[in-house]
Protein chains: 4
Amino acid sequence: MAEESSHEIDMLLGRMKSATSPLREILRELHSRLSGNHAGTVADYIPELATANPNSFGLALCTADGQIVEVGDCGTQFTIQSVSKPFMFGLAIEDHGVDHVLTKVGVEPTGEAFNAIVLDEVSNRPYNPMVNAGAIATADLIQGKDYPERVKRMVDLFSKFCGRDVFVDNSVFMSERLTGHRNRAMAHLMRNFGMMGERFEEALELYFQQCSILVTAHDLAIMGATLANGGVNPITKTRALQSENVKYLLSIMMTCGMYDFAGEWAFRVGIPAKSGVAGGIVAVVPGVLGIGLYSPRLDAKGNSVRGVEACKELSQRFGLHAFESHFSGEKLMDLFALKRGR
Amino acid sequence: MAEESSHEIDMLLGRMKSATSPLREILRELHSRLSGNHAGTVADYIPELATANPNSFGLALCTADGQIVEVGDCGTQFTIQSVSKPFMFGLAIEDHGVDHVLTKVGVEPTGEAFNAIVLDEVSNRPYNPMVNAGAIATADLIQGKDYPERVKRMVDLFSKFCGRDVFVDNSVFMSERLTGHRNRAMAHLMRNFGMMGERFEEALELYFQQCSILVTAHDLAIMGATLANGGVNPITKTRALQSENVKYLLSIMMTCGMYDFAGEWAFRVGIPAKSGVAGGIVAVVPGVLGIGLYSPRLDAKGNSVRGVEACKELSQRFGLHAFESHFSGEKLMDLFALKRGR
Amino acid sequence: MAEESSHEIDMLLGRMKSATSPLREILRELHSRLSGNHAGTVADYIPELATANPNSFGLALCTADGQIVEVGDCGTQFTIQSVSKPFMFGLAIEDHGVDHVLTKVGVEPTGEAFNAIVLDEVSNRPYNPMVNAGAIATADLIQGKDYPERVKRMVDLFSKFCGRDVFVDNSVFMSERLTGHRNRAMAHLMRNFGMMGERFEEALELYFQQCSILVTAHDLAIMGATLANGGVNPITKTRALQSENVKYLLSIMMTCGMYDFAGEWAFRVGIPAKSGVAGGIVAVVPGVLGIGLYSPRLDAKGNSVRGVEACKELSQRFGLHAFESHFSGEKLMDLFALKRGR
Amino acid sequence: MAEESSHEIDMLLGRMKSATSPLREILRELHSRLSGNHAGTVADYIPELATANPNSFGLALCTADGQIVEVGDCGTQFTIQSVSKPFMFGLAIEDHGVDHVLTKVGVEPTGEAFNAIVLDEVSNRPYNPMVNAGAIATADLIQGKDYPERVKRMVDLFSKFCGRDVFVDNSVFMSERLTGHRNRAMAHLMRNFGMMGERFEEALELYFQQCSILVTAHDLAIMGATLANGGVNPITKTRALQSENVKYLLSIMMTCGMYDFAGEWAFRVGIPAKSGVAGGIVAVVPGVLGIGLYSPRLDAKGNSVRGVEACKELSQRFGLHAFESHFSGEKLMDLFALKRGR
């Protein structure tokens, strides 16, 4: 049985080599089938999100050595939203080192909703960088001589991961800051506890900006592949993150990435991933590939319905669970042979 | 840098081949250094645990192909306690399939203490099989035509994982059931919610029995190696768990294995592991090796102080984090060559 | 306006003097009107409760000097259930003094359901004697050389308050103990925390017994009048509780008596009261009268629907709120004249 | 025994009639004795509070018919802080009626700290008007054609209760709004939930203003006496609150007035009261008198140490508990005779 499964992985990678590959057919079939799933609702807490085409659906794969296969609406732009969180956490770690960062934001799953008003008062920090409070505290850590430089460093980060210049959607940004009472409440509360310093409102602004970066499913696949490739963008060959820090992003995505579905995600799907409220998901099979997904209809936990389904199927079909016993053995040698670009 | 680190792993495995290996020297040095750490206190909620020699310290490694290196008190017997939990969870999955098991016990980290009186009332189940409530609900799932057969199946499970016949320490068992008011409270509460059926008190008995199984650090290393080897005991070549179920045990150990230190463990150490209140820890580097640890002094979270330190050092030194980017590349081929026994 | 309202109270008392009084007419009208309210459901967690006639409705008033007016099913027997709690709390205070009792059970409202699994771990005691945990801890405090004597003292207590020999309904008692997993869980948990001693299971038995005492709406009115009369049963002239301890029962009924409706009850109705799951309510207008109610259909919070409505109406109509400004002044002199029996 | 206690009350009132009364001596002795208690610490979260003389101690009694006895620093000004809360709640009730107000703020004790970030999400309102969130939601309800008029109505309210023009301490006000991150967080959160409307920041300003009103222990005694007298200031004979609304203030003070000591306060002291962080306490014996206290050293729960002690002693010595059985009988007739001013 182990042989069969790793055989599948082997074939998966093999198929990506060819533009007319059976893999493309497999993804097309998956895309076509999931397109029939109209469950879920598009986020509408700001008008900009509500205008998304609910039927949009893009699915892109990018290997750790830069081969890309994509199906559907992979060029449609949407705001990155919470998918930005692990990447900003990585930048904070590069700015301060992991030990300092962990004094400001924890790495414990909460079992609470992403916007829960809960803080780890014992450790005097938000629970983890994937909940809004933790993401705001993380934004507070981004360095720069002034606010414009901090914004620039944030934009540069996502540009490096995407391999192209990215931009903030200003109308989303303005809407977020106008209506973000809950996030503003969290920021004041963290200021109250001394979890953030005097410039906490700047951190909040930066957070609203980062959430408003425009990306595509294509971009997300490359961002994931960059993590799969140890921090080097496999398309541009530019390093976006130090190799030794990649594991921190993947760990936190594994345990806290999918809101309060995180535990079951780690258990059943086993692929480090992060979703956003605009309908994007980035998923990473370490050493192998990145997956980029876009479909704006969300389930009750705030994850893209089709995105979750696609990840589940890909994980089961190709044995992509991080702790899959099948994912090993001599068949993997072919797999690693694919990753020459790393 | 990637080359250096995977070089380390390569050497690690290489060193295990030789009885006079540098690896043994490295472990001896680690053992000797950590022996100087007298922090923590021996559990004493039952008299039997309090009699443990607080200075005992055993550290054993067993590769996925059955090579063993051990230092210190690796033959000292102690009760397995909570280290039993993932293994019983695996048996429940084999008895019922993962879907049914997940209707009875969740897989979400709680952020609460292991003995917290919290249940997931929305899903009508305990949060996960690593908290006591979840472990009792898991024991309830173990099949058998009567109680003695259920006990026998539990003992057989651990015997297969250890590769020898294991036994229950009866005086610990008797103490546990006499003083286990909290666990008894949990069982009544779950019965009240309909989370367990009529024979819930039998499940409680079975749970107290499983916790009282006597093991050694040597045993724990082999148990870990059995998981590292896809469910087949690398010493006896006997299958203890179906290959496709191994990932479930490793996932739950990764996210919930180390009590409320679990989040930081997954983040920093990145090795699926489970600790017990008698001072044992089993840790698994999937595909590579199992680690067995015994040192009865516990930190405030209930984990063996020296055990935690040893895992941290081994993880950092040899790049054993599950999401370590360095843990890959052509050097791993030698590693896999070691696993002929699989 | 103050004059009018105290005039009403004046009339209320005046009317009770006469068997053909307008007061009886007022109560008859109230009873008749509320009989049309069929909202709520009869408790059915044990079969014995489910057999109650859902249309039963008794409403009895007994003044602090022993005059009784009653309408409807005031002779129908039902189990006292949680209405027993404040009285047992009073007995515990008489056995140990209020200071000692408060080391074992708190007096803080919880805002949680009556059967919530929450304990005040800071103070190491249940939150208050009106939640089940607190009632069990209270039962543990009842003195006696052995269990039969403790049961006898409990039965004697209720006999004194009712002014007749009361009895336990044995089939209810047996059902309660068979199905009381939640209460048993609480008892084990409190034993675990050291909140109760070795004989905690005896306390649980005693608690199940006290809940199974059979009473009528007539009895409850006299029990209330006994508290209104400073602890002396106005019918038998027997002291059931020391005068200085009455205030403790009334306080706890005011703040914690009506489950999680307690806050709004104290605010709007303002009459110390306690309800039970069989449909009984006892309410006390200190110095004036006791009210006994029976109607088994319960609202979502576990209080008798008609009982709550009747208390609300009586409070508003006659200005019975404990902090009613109208409830004072020279008109009250007539009121006190009525209370010669005190 | 009842006779003795009500005799005490009788004497208490009797003594107030005479300037050279034994009552004054009793209060002097109490004041002198409690002056020796230096426990607790002065609040210092804003610099203005920290400058208070920690030894200041004023104790004033004002009967419902306007007789005043005072000892110590009864003319020292301090900010009213949370003592303002029940009074503003009363104004909100007068502006909107109790039913509407209860849709915006609950009346349930929380068991949490006064500044807890908890909201009753089921009812979509803060738990009660004595916690900060509830007080801010209450301030939001104060009517007025614009902000200055709303402030004026607030100042007028306290002026009527005190019987003199009161003023806002502007430096305290400025400090509160500068540092009030926690309250600002609560306001944003309530805005987020739709618990407050667009002008929520104005409500926050108004709340900071009301907390900064300057009063004395003398003022607090008169404010309490106004409530004891059914809403009419016994000195100026001006109505400050409708009679039928007084019970709502007294109820909420009884159950929620003393932070998380509230339950034990209702149980043991039994006098509706409200404390503030500057060291003030107002307490009300309905129909009898108001008590004003000032001593800035606070206990861990935020209540004035000496203030709490003084209330406890007065309650026990004179039987002032709201549910005291002794507090009744013919001796009270003399008491009511005193209240001619009502």
# chains A, B, ... in the order shown; residues from 1 in each chain; ligands from 1
>>> residues_around(residues="region 252-265 of chain A", least_positions_apart="4", cutoff="8 Å", atoms="only C-alpha atoms", output="PyMOL selection string")
(chain A and resi 86+107-109+111-114+128+130-131+248+269-275+301-303) or (chain B and resi 106-109+255+263+266-267)
>>> residues_around(residues="Ala240 (chain B)", least_positions_apart="3", cutoff="7 Å", atoms="only C-alpha atoms", output="MDAnalysis selection string")
chainID B and resid 157 160:161 231:233
>>> closest_residue(among="A:Val98, A:Ala139, A:Val168, A:Val83", to="chain B", atoms="only C-alpha atoms")
A:Val98
>>> atom_distance(atom1="CA of Gly319 (chain D)", atom2="CA of Val288 (chain D)")
12.0 Å
>>> interface_residues(of="chain C", to="chain B", cutoff="12 Å", atoms="only C-alpha atoms", output="NGL selection string")
:C and (45 or 115-119 or 178-198 or 200-201)
>>> select_by_dssp(residues="region 55-285 of chain C", states="helix (DSSP H, G or I)", output="ChimeraX atom specification")
/C:81-96,98-104,132-141,147-162,170-179,181-192,200-211,217-228,243-256,259-269
>>> atom_distance(atom1="CA of Val172 (chain B)", atom2="CA of Ala43 (chain B)")
12.8 Å
>>> atom_distance(atom1="CA of Asp219 (chain A)", atom2="CA of Cys74 (chain A)")
8.3 Å
>>> residues_around(residues="Gln143 (chain C)", least_positions_apart="6", cutoff="12 Å", atoms="only C-alpha atoms", output="VMD selection string")
chain C and resid 88 91 to 96 149 to 154 202 to 203 206
>>> write_last_selection(atoms="all heavy atoms", output="short mmCIF file (atom, residue, chain, number, x, y, z; two decimals), in the first residue's frame")
data_model
loop_
_atom_site.label_atom_id
_atom_site.label_comp_id
_atom_site.auth_asym_id
_atom_site.auth_seq_id
_atom_site.Cartn_x
_atom_site.Cartn_y
_atom_site.Cartn_z
N MET C 88 -31.99 24.22 53.65
CA MET C 88 -30.85 23.41 54.10
C MET C 88 -29.64 24.30 54.39
O MET C 88 -28.86 24.03 55.31
CB MET C 88 -30.51 22.37 53.02
CG MET C 88 -31.54 21.27 52.92
SD MET C 88 -31.55 20.17 54.38
CE MET C 88 -30.28 18.98 53.88
N LEU C 91 -30.07 25.48 57.81
CA LEU C 91 -29.73 24.46 58.80
C LEU C 91 -28.22 24.33 58.95
O LEU C 91 -27.69 24.20 60.07
CB LEU C 91 -30.36 23.12 58.39
CG LEU C 91 -30.16 21.94 59.36
CD1 LEU C 91 -30.62 22.29 60.78
CD2 LEU C 91 -30.89 20.70 58.86
N ALA C 92 -27.51 24.41 57.83
CA ALA C 92 -26.04 24.34 57.88
C ALA C 92 -25.49 25.51 58.70
O ALA C 92 -24.56 25.35 59.49
CB ALA C 92 -25.46 24.35 56.47
N ILE C 93 -26.08 26.70 58.51
CA ILE C 93 -25.64 27.87 59.28
C ILE C 93 -25.92 27.66 60.76
O ILE C 93 -25.10 27.99 61.62
CB ILE C 93 -26.32 29.15 58.74
CG1 ILE C 93 -25.76 29.50 57.35
CG2 ILE C 93 -26.13 30.32 59.70
CD1 ILE C 93 -26.47 30.67 56.66
N GLU C 94 -27.07 27.09 61.08
CA GLU C 94 -27.37 26.85 62.50
C GLU C 94 -26.43 25.80 63.09
O GLU C 94 -26.08 25.86 64.26
CB GLU C 94 -28.83 26.46 62.66
CG GLU C 94 -29.77 27.52 62.08
CD GLU C 94 -30.98 27.84 62.93
OE1 GLU C 94 -31.46 26.94 63.64
OE2 GLU C 94 -31.44 29.00 62.88
N ASP C 95 -26.01 24.85 62.27
CA ASP C 95 -25.11 23.80 62.76
C ASP C 95 -23.67 24.30 62.96
O ASP C 95 -22.95 23.78 63.80
CB ASP C 95 -25.08 22.62 61.77
CG ASP C 95 -26.26 21.68 61.97
OD1 ASP C 95 -27.12 21.96 62.83
OD2 ASP C 95 -26.33 20.66 61.26
N HIS C 96 -23.25 25.27 62.15
CA HIS C 96 -21.82 25.64 62.15
C HIS C 96 -21.55 27.12 62.32
O HIS C 96 -20.39 27.50 62.48
CB HIS C 96 -21.19 25.21 60.81
CG HIS C 96 -21.23 23.75 60.55
ND1 HIS C 96 -20.29 22.88 61.02
CD2 HIS C 96 -22.12 22.98 59.87
CE1 HIS C 96 -20.59 21.64 60.64
NE2 HIS C 96 -21.70 21.68 59.94
N GLU C 149 -29.52 9.74 61.17
CA GLU C 149 -29.82 10.93 61.98
C GLU C 149 -29.76 12.19 61.12
O GLU C 149 -30.55 13.12 61.31
CB GLU C 149 -28.85 11.04 63.15
CG GLU C 149 -29.26 12.19 64.08
CD GLU C 149 -28.38 12.31 65.31
OE1 GLU C 149 -28.31 11.33 66.08
OE2 GLU C 149 -27.76 13.37 65.49
N ARG C 150 -28.84 12.22 60.17
CA ARG C 150 -28.75 13.38 59.29
C ARG C 150 -30.01 13.50 58.42
O ARG C 150 -30.53 14.60 58.22
CB ARG C 150 -27.50 13.29 58.41
CG ARG C 150 -26.21 13.30 59.24
CD ARG C 150 -24.99 13.01 58.37
NE ARG C 150 -24.62 14.17 57.58
CZ ARG C 150 -23.89 14.12 56.47
NH1 ARG C 150 -23.49 12.94 56.00
NH2 ARG C 150 -23.59 15.22 55.82
N VAL C 151 -30.47 12.36 57.93
CA VAL C 151 -31.71 12.39 57.14
C VAL C 151 -32.86 12.86 58.02
O VAL C 151 -33.68 13.70 57.61
CB VAL C 151 -32.02 11.00 56.55
CG1 VAL C 151 -33.39 11.00 55.87
CG2 VAL C 151 -30.94 10.58 55.57
N LYS C 152 -32.91 12.34 59.25
CA LYS C 152 -34.00 12.71 60.16
C LYS C 152 -33.99 14.22 60.44
O LYS C 152 -35.03 14.87 60.44
CB LYS C 152 -33.85 11.94 61.48
CG LYS C 152 -34.99 12.19 62.47
CD LYS C 152 -34.87 11.36 63.73
CE LYS C 152 -36.05 11.67 64.67
NZ LYS C 152 -36.23 13.12 64.93
N ARG C 153 -32.81 14.77 60.63
CA ARG C 153 -32.72 16.21 60.91
C ARG C 153 -33.21 17.01 59.70
O ARG C 153 -33.82 18.08 59.84
CB ARG C 153 -31.30 16.61 61.28
CG ARG C 153 -30.87 16.04 62.64
CD ARG C 153 -29.58 16.69 63.12
NE ARG C 153 -29.80 18.09 63.46
CZ ARG C 153 -29.05 19.09 63.03
NH1 ARG C 153 -28.03 18.85 62.24
NH2 ARG C 153 -29.34 20.34 63.37
N MET C 154 -32.89 16.52 58.52
CA MET C 154 -33.36 17.19 57.30
C MET C 154 -34.89 17.14 57.23
O MET C 154 -35.55 18.16 56.99
CB MET C 154 -32.72 16.52 56.07
CG MET C 154 -33.12 17.06 54.72
SD MET C 154 -34.62 16.29 54.06
CE MET C 154 -34.01 14.65 53.66
N GLU C 202 -22.30 10.31 50.84
CA GLU C 202 -23.42 10.41 51.76
C GLU C 202 -24.13 11.75 51.57
O GLU C 202 -25.35 11.83 51.62
CB GLU C 202 -22.89 10.26 53.19
CG GLU C 202 -23.89 9.75 54.18
CD GLU C 202 -23.26 9.55 55.55
OE1 GLU C 202 -22.49 8.59 55.71
OE2 GLU C 202 -23.52 10.38 56.45
N ALA C 203 -23.32 12.78 51.39
CA ALA C 203 -23.90 14.11 51.16
C ALA C 203 -24.76 14.12 49.90
O ALA C 203 -25.83 14.72 49.85
CB ALA C 203 -22.80 15.16 51.05
N LEU C 206 -27.97 12.45 50.67
CA LEU C 206 -28.82 13.34 51.47
C LEU C 206 -29.43 14.41 50.56
O LEU C 206 -30.61 14.76 50.70
CB LEU C 206 -27.97 13.99 52.57
CG LEU C 206 -28.70 14.91 53.55
CD1 LEU C 206 -29.90 14.21 54.19
CD2 LEU C 206 -27.74 15.41 54.64
#
>>> decode(residues="region 125-154 of chain C", atoms="N, CA, C and O atoms", output="tab-separated table (two decimals), in the first residue's frame")
chain	number	residue	atom	x	y	z
C	125	ARG	N	-14.38	26.57	46.72
C	125	ARG	CA	-15.74	26.27	47.16
C	125	ARG	C	-16.68	26.50	45.99
C	125	ARG	O	-16.33	27.22	45.04
C	126	PRO	N	-17.86	25.91	46.05
C	126	PRO	CA	-18.85	26.24	45.02
C	126	PRO	C	-19.29	27.69	45.17
C	126	PRO	O	-19.15	28.28	46.27
C	127	TYR	N	-19.83	28.26	44.11
C	127	TYR	CA	-20.15	29.69	44.12
C	127	TYR	C	-21.23	30.08	45.12
C	127	TYR	O	-21.11	31.09	45.80
C	128	ASN	N	-22.30	29.29	45.20
C	128	ASN	CA	-23.37	29.63	46.14
C	128	ASN	C	-24.22	28.40	46.40
C	128	ASN	O	-24.16	27.42	45.66
C	129	PRO	N	-25.05	28.44	47.45
C	129	PRO	CA	-25.80	27.23	47.83
C	129	PRO	C	-27.01	26.96	46.96
C	129	PRO	O	-27.70	25.97	47.18
C	130	MET	N	-27.27	27.81	45.97
C	130	MET	CA	-28.44	27.62	45.11
C	130	MET	C	-28.09	26.83	43.85
C	130	MET	O	-28.97	26.31	43.19
C	131	VAL	N	-26.80	26.77	43.49
C	131	VAL	CA	-26.42	25.88	42.39
C	131	VAL	C	-26.23	24.48	42.98
C	131	VAL	O	-25.97	24.33	44.17
C	132	ASN	N	-26.36	23.48	42.14
C	132	ASN	CA	-26.33	22.11	42.66
C	132	ASN	C	-25.06	21.80	43.44
C	132	ASN	O	-25.11	21.19	44.51
C	133	ALA	N	-23.93	22.23	42.91
C	133	ALA	CA	-22.67	21.95	43.60
C	133	ALA	C	-22.72	22.52	45.02
C	133	ALA	O	-22.33	21.85	45.98
C	134	GLY	N	-23.20	23.74	45.15
C	134	GLY	CA	-23.28	24.37	46.46
C	134	GLY	C	-24.29	23.68	47.37
C	134	GLY	O	-24.09	23.60	48.59
C	135	ALA	N	-25.35	23.19	46.80
C	135	ALA	CA	-26.36	22.51	47.61
C	135	ALA	C	-25.82	21.18	48.14
C	135	ALA	O	-26.09	20.79	49.27
C	136	ILE	N	-25.01	20.51	47.31
C	136	ILE	CA	-24.41	19.25	47.77
C	136	ILE	C	-23.38	19.53	48.86
C	136	ILE	O	-23.34	18.84	49.88
C	137	ALA	N	-22.58	20.57	48.66
C	137	ALA	CA	-21.62	20.96	49.70
C	137	ALA	C	-22.34	21.36	50.98
C	137	ALA	O	-21.86	21.13	52.09
C	138	THR	N	-23.51	21.98	50.83
C	138	THR	CA	-24.31	22.36	52.00
C	138	THR	C	-24.84	21.12	52.72
C	138	THR	O	-24.77	21.03	53.95
C	139	ALA	N	-25.33	20.16	51.95
C	139	ALA	CA	-25.82	18.92	52.56
C	139	ALA	C	-24.72	18.24	53.35
C	139	ALA	O	-24.95	17.65	54.41
C	140	ASP	N	-23.49	18.35	52.83
C	140	ASP	CA	-22.34	17.75	53.52
C	140	ASP	C	-22.16	18.33	54.92
C	140	ASP	O	-21.58	17.69	55.79
C	141	LEU	N	-22.65	19.54	55.12
C	141	LEU	CA	-22.45	20.22	56.41
C	141	LEU	C	-23.49	19.84	57.46
C	141	LEU	O	-23.30	20.16	58.64
C	142	ILE	N	-24.58	19.22	57.04
C	142	ILE	CA	-25.64	18.88	58.01
C	142	ILE	C	-25.11	17.85	59.00
C	142	ILE	O	-24.59	16.81	58.60
C	143	GLN	N	-25.26	18.18	60.27
C	143	GLN	CA	-24.68	17.31	61.29
C	143	GLN	C	-25.59	16.15	61.68
C	143	GLN	O	-26.79	16.16	61.40
C	144	GLY	N	-25.00	15.21	62.39
C	144	GLY	CA	-25.73	14.03	62.84
C	144	GLY	C	-24.74	12.93	63.14
C	144	GLY	O	-23.70	12.85	62.47
C	145	LYS	N	-25.05	12.09	64.12
C	145	LYS	CA	-24.06	11.07	64.51
C	145	LYS	C	-23.88	10.00	63.43
C	145	LYS	O	-22.85	9.34	63.35
C	146	ASP	N	-24.91	9.82	62.59
C	146	ASP	CA	-24.80	8.89	61.47
C	146	ASP	C	-25.74	9.35	60.36
C	146	ASP	O	-26.46	10.35	60.53
C	147	TYR	N	-25.74	8.63	59.26
C	147	TYR	CA	-26.54	9.06	58.13
C	147	TYR	C	-28.04	9.10	58.44
C	147	TYR	O	-28.70	10.10	58.13
C	148	PRO	N	-28.60	8.07	59.08
C	148	PRO	CA	-30.04	8.15	59.39
C	148	PRO	C	-30.38	9.40	60.22
C	148	PRO	O	-31.40	10.05	59.98
C	149	GLU	N	-29.52	9.74	61.17
C	149	GLU	CA	-29.82	10.93	61.98
C	149	GLU	C	-29.76	12.19	61.12
C	149	GLU	O	-30.55	13.12	61.31
C	150	ARG	N	-28.84	12.22	60.17
C	150	ARG	CA	-28.75	13.38	59.29
C	150	ARG	C	-30.01	13.50	58.42
C	150	ARG	O	-30.53	14.60	58.22
C	151	VAL	N	-30.47	12.36	57.93
C	151	VAL	CA	-31.71	12.39	57.14
C	151	VAL	C	-32.86	12.86	58.02
C	151	VAL	O	-33.68	13.70	57.61
C	152	LYS	N	-32.91	12.34	59.25
C	152	LYS	CA	-34.00	12.71	60.16
C	152	LYS	C	-33.99	14.22	60.44
C	152	LYS	O	-35.03	14.87	60.44
C	153	ARG	N	-32.81	14.77	60.63
C	153	ARG	CA	-32.72	16.21	60.91
C	153	ARG	C	-33.21	17.01	59.70
C	153	ARG	O	-33.82	18.08	59.84
C	154	MET	N	-32.89	16.52	58.52
C	154	MET	CA	-33.36	17.19	57.30
C	154	MET	C	-34.89	17.14	57.23
C	154	MET	O	-35.55	18.16	56.99
